[in-house]
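Worksheet for the structure shown next.
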Amino acid sequence: MGFFQRCFVVVCASAGITLLVGGAASGQKPTKIGVVNFQEVALQSKAGKAAKARLEELAARLKKEVKAEETKLVARQKELEAGASRLAPAERQRRAEALERDELALKRLLQDRREEFTKAEANSVVELARKIEPIVKAYAAEKSFTLILEARRPGLLYYDKNLDLTAEIVKRFDRASK
C-alpha cells in the first residue's frame, strides 16, 4: 500500500472516519454533511508534497545504500568465479561461505531499509493526519457541518460532488502550515 493510500487509512483510524460536530438534536437544525478526500489533501497540500518529497529522498538514499552493497557483493562473486580454479579447495570453500554470509547480510540490510522506509512513511501519514484533523474540525464547526466523511472510505458508494470540501481543506491546511 502506498504512502497516500495509507494516509486515509490512518486518518480513518485516528480521526474515527467521521467528525461529528455539535450535538444537534433531531429537529433543531438540518443535517449538513460534507466529504473530504484525505488522499487528495495530502497530495495537493504543501505539507503533503513536502512529506512526499522527504520520503522520495529517503527512498533514493536507502536504495543507493543497498545498491552499493549489492555491487560490492556481485564484484566479489565474479572475483571468486574467475579465480576459483586457482584456489585450493579449502580456500574456495571458505570464500564461498563468506560470500553466502554476505548475501544474507545484504538480504537483512534490504529488509531493514524497507522497514525503515515503511516506518518513516507511517510516521509521515500520522503527522499529516494530526495536522489536518484540527483543520477539518474547525472548518466543520465554522460552517455548521454535522458530519464530514472521508471520500475514499470503503462503504461510501456515492456522494454528490457538491458535498466535497477537499479543495477548501487544502487551502486552509496550506494557510495553517505557513
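In the C-alpha cells, chains take the letters A, B, ... in the order shown, each chain's residues start at 1, and ligands count up from 1 in the order shown.
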
Could you pull the residues within 12 Å of Tyr139 in chain A, counting only C-alpha atoms, minus those fewer than 6 positions along the same chain, as a list in words? Leu19, Leu20, Val21, Gly34, Val35, Val36, Ile132, Glu133, Phe145, Thr146, Leu147, Ile148, Leu165, Thr166, Glu168, Ile169, Val170, Lys171, Arg172 and Phe173 of chain A

Written file, previous selection with N, CA and C atoms, as a PDB file, in the first residue's frame:
```pdb
ATOM      1  N   LEU A  19     -16.194  13.117  11.608  1.00  0.00           N
ATOM      2  CA  LEU A  19     -16.035  14.107  12.658  1.00  0.00           C
ATOM      3  C   LEU A  19     -17.415  14.655  12.969  1.00  0.00           C
ATOM      4  N   LEU A  20     -17.925  14.288  14.104  1.00  0.00           N
ATOM      5  CA  LEU A  20     -19.235  14.775  14.490  1.00  0.00           C
ATOM      6  C   LEU A  20     -19.045  16.104  15.197  1.00  0.00           C
ATOM      7  N   VAL A  21     -19.692  17.114  14.697  1.00  0.00           N
ATOM      8  CA  VAL A  21     -19.555  18.444  15.259  1.00  0.00           C
ATOM      9  C   VAL A  21     -20.900  18.868  15.809  1.00  0.00           C
ATOM     10  N   GLY A  34     -20.612  16.812   4.745  1.00  0.00           N
ATOM     11  CA  GLY A  34     -19.560  17.116   3.791  1.00  0.00           C
ATOM     12  C   GLY A  34     -18.657  15.914   3.599  1.00  0.00           C
ATOM     13  N   VAL A  35     -17.861  15.970   2.564  1.00  0.00           N
ATOM     14  CA  VAL A  35     -16.950  14.879   2.234  1.00  0.00           C
ATOM     15  C   VAL A  35     -15.572  15.464   1.965  1.00  0.00           C
ATOM     16  N   VAL A  36     -14.527  14.830   2.493  1.00  0.00           N
ATOM     17  CA  VAL A  36     -13.151  15.257   2.261  1.00  0.00           C
ATOM     18  C   VAL A  36     -12.342  14.049   1.806  1.00  0.00           C
ATOM     19  N   ILE A 132      -3.987  17.764   9.902  1.00  0.00           N
ATOM     20  CA  ILE A 132      -5.197  18.007   9.106  1.00  0.00           C
ATOM     21  C   ILE A 132      -6.460  17.925   9.956  1.00  0.00           C
ATOM     22  N   GLU A 133      -6.489  17.031  10.901  1.00  0.00           N
ATOM     23  CA  GLU A 133      -7.694  16.821  11.701  1.00  0.00           C
ATOM     24  C   GLU A 133      -8.233  18.111  12.334  1.00  0.00           C
ATOM     25  N   PHE A 145     -21.245  22.029   9.969  1.00  0.00           N
ATOM     26  CA  PHE A 145     -21.415  20.673   9.460  1.00  0.00           C
ATOM     27  C   PHE A 145     -21.725  19.751  10.624  1.00  0.00           C
ATOM     28  N   THR A 146     -22.652  18.845  10.395  1.00  0.00           N
ATOM     29  CA  THR A 146     -22.990  17.836  11.382  1.00  0.00           C
ATOM     30  C   THR A 146     -22.070  16.643  11.228  1.00  0.00           C
ATOM     31  N   LEU A 147     -21.678  16.369   9.994  1.00  0.00           N
ATOM     32  CA  LEU A 147     -20.914  15.167   9.692  1.00  0.00           C
ATOM     33  C   LEU A 147     -19.998  15.434   8.503  1.00  0.00           C
ATOM     34  N   ILE A 148     -18.748  15.005   8.630  1.00  0.00           N
ATOM     35  CA  ILE A 148     -17.820  15.056   7.499  1.00  0.00           C
ATOM     36  C   ILE A 148     -17.248  13.661   7.342  1.00  0.00           C
ATOM     37  N   LEU A 165     -15.472  18.883   0.143  1.00  0.00           N
ATOM     38  CA  LEU A 165     -14.820  20.028   0.792  1.00  0.00           C
ATOM     39  C   LEU A 165     -13.303  19.981   0.635  1.00  0.00           C
ATOM     40  N   THR A 166     -12.786  19.049  -0.130  1.00  0.00           N
ATOM     41  CA  THR A 166     -11.347  18.810  -0.218  1.00  0.00           C
ATOM     42  C   THR A 166     -10.562  20.062  -0.590  1.00  0.00           C
ATOM     43  N   GLU A 168     -11.234  23.210  -0.259  1.00  0.00           N
ATOM     44  CA  GLU A 168     -11.232  24.203   0.832  1.00  0.00           C
ATOM     45  C   GLU A 168     -10.321  23.758   1.979  1.00  0.00           C
ATOM     46  N   ILE A 169     -10.319  22.474   2.275  1.00  0.00           N
ATOM     47  CA  ILE A 169      -9.459  21.958   3.337  1.00  0.00           C
ATOM     48  C   ILE A 169      -7.991  22.105   2.935  1.00  0.00           C
ATOM     49  N   VAL A 170      -7.665  21.857   1.669  1.00  0.00           N
ATOM     50  CA  VAL A 170      -6.285  22.035   1.194  1.00  0.00           C
ATOM     51  C   VAL A 170      -5.869  23.496   1.402  1.00  0.00           C
ATOM     52  N   LYS A 171      -6.718  24.433   1.004  1.00  0.00           N
ATOM     53  CA  LYS A 171      -6.395  25.862   1.166  1.00  0.00           C
ATOM     54  C   LYS A 171      -6.152  26.198   2.629  1.00  0.00           C
ATOM     55  N   ARG A 172      -7.034  25.767   3.483  1.00  0.00           N
ATOM     56  CA  ARG A 172      -6.897  26.081   4.901  1.00  0.00           C
ATOM     57  C   ARG A 172      -5.686  25.389   5.522  1.00  0.00           C
ATOM     58  N   PHE A 173      -5.417  24.183   5.098  1.00  0.00           N
ATOM     59  CA  PHE A 173      -4.252  23.456   5.612  1.00  0.00           C
ATOM     60  C   PHE A 173      -2.974  24.157   5.180  1.00  0.00           C
TER      61      PHE A 173
END
```

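Looking only at range 38-164 of chain A, the set that DSSP places in strand (DSSP E) from backbone geometry is Leu147, Ile148, Leu149 and Glu150 of chain A.
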
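Between Lys49 in chain A and the candidates A:Glu150, A:Glu116, A:Asp164, A:Asp174, the tightest atom-to-atom separation, counting only C-alpha atoms, involves A:Asp174.
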
Using only C-alpha atoms, which residues sit within 12 Å of Ala50 in chain A once same-chain residues fewer than 4 positions away are excluded, as a PDB file with C-alpha atoms, in the first residue's frame?
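File part.pdb, as written:
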```
ATOM      1  CA  ALA A  42      -2.173  15.078   1.219  1.00  0.00           C
ATOM      2  CA  LEU A  43      -1.289  15.116  -2.485  1.00  0.00           C
ATOM      3  CA  GLN A  44      -2.238  18.740  -3.109  1.00  0.00           C
ATOM      4  CA  SER A  45      -1.181  20.465   0.108  1.00  0.00           C
ATOM      5  CA  LYS A  46       2.246  21.987   0.601  1.00  0.00           C
ATOM      6  CA  ARG A  54      11.192  13.758   2.004  1.00  0.00           C
ATOM      7  CA  LEU A  55      10.046  10.172   1.574  1.00  0.00           C
ATOM      8  CA  GLU A  56      11.251  10.055  -2.026  1.00  0.00           C
ATOM      9  CA  GLU A  57      14.632  11.422  -0.909  1.00  0.00           C
ATOM     10  CA  SER A 124       4.578  10.963   7.875  1.00  0.00           C
ATOM     11  CA  VAL A 125       0.988   9.845   7.452  1.00  0.00           C
ATOM     12  CA  LEU A 128      -0.185  14.761   8.343  1.00  0.00           C
ATOM     13  CA  ASP A 174      -1.740  25.330   3.469  1.00  0.00           C
ATOM     14  CA  SER A 177       1.119  25.238   7.606  1.00  0.00           C
TER      15      SER A 177
END
```

Just the residues within 8 Å of range 91-106 of chain A, please, counting only C-alpha atoms, with nothing from its chain fewer than 6 positions along; format it as a list of chain:residue names. A:Val66, A:Glu69, A:Glu70, A:Leu73, A:Arg76, A:Gln77, A:Leu80, A:Ala84

Just list as a PyMOL selection string whatever in range 13-154 of chain A DSSP marks as alpha helix (DSSP H). chain A and resi 13-15+38-44+46-83+89-142

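A straight line drawn from CA of Arg113 in chain A to CA of Lys63 in chain A is 8.2 Å long.
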
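Those residues that approach Glu127 in chain A to within 10 Å, counting only C-alpha atoms, are Cys7, Val10, Ala47, Gly48, Ala51, Glu121, Ala122, Asn123, Ser124, Val125, Ala129, Arg130, Lys131 and Ile132 of chain A; same-chain residues fewer than 2 positions away are not listed.
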
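Straight-line separation from CA of Phe38 in chain A to CA of Arg152 in chain A: 7.9 Å.
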
When you count only C-alpha atoms, which of these residues is closest to Asp112 in chain A: A:Lys52, A:Pro30, A:Asn37, A:Leu62? A:Leu62

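Here CA of Leu156 in chain A is placed at a distance of 16.3 Å from CA of Glu40 in chain A.
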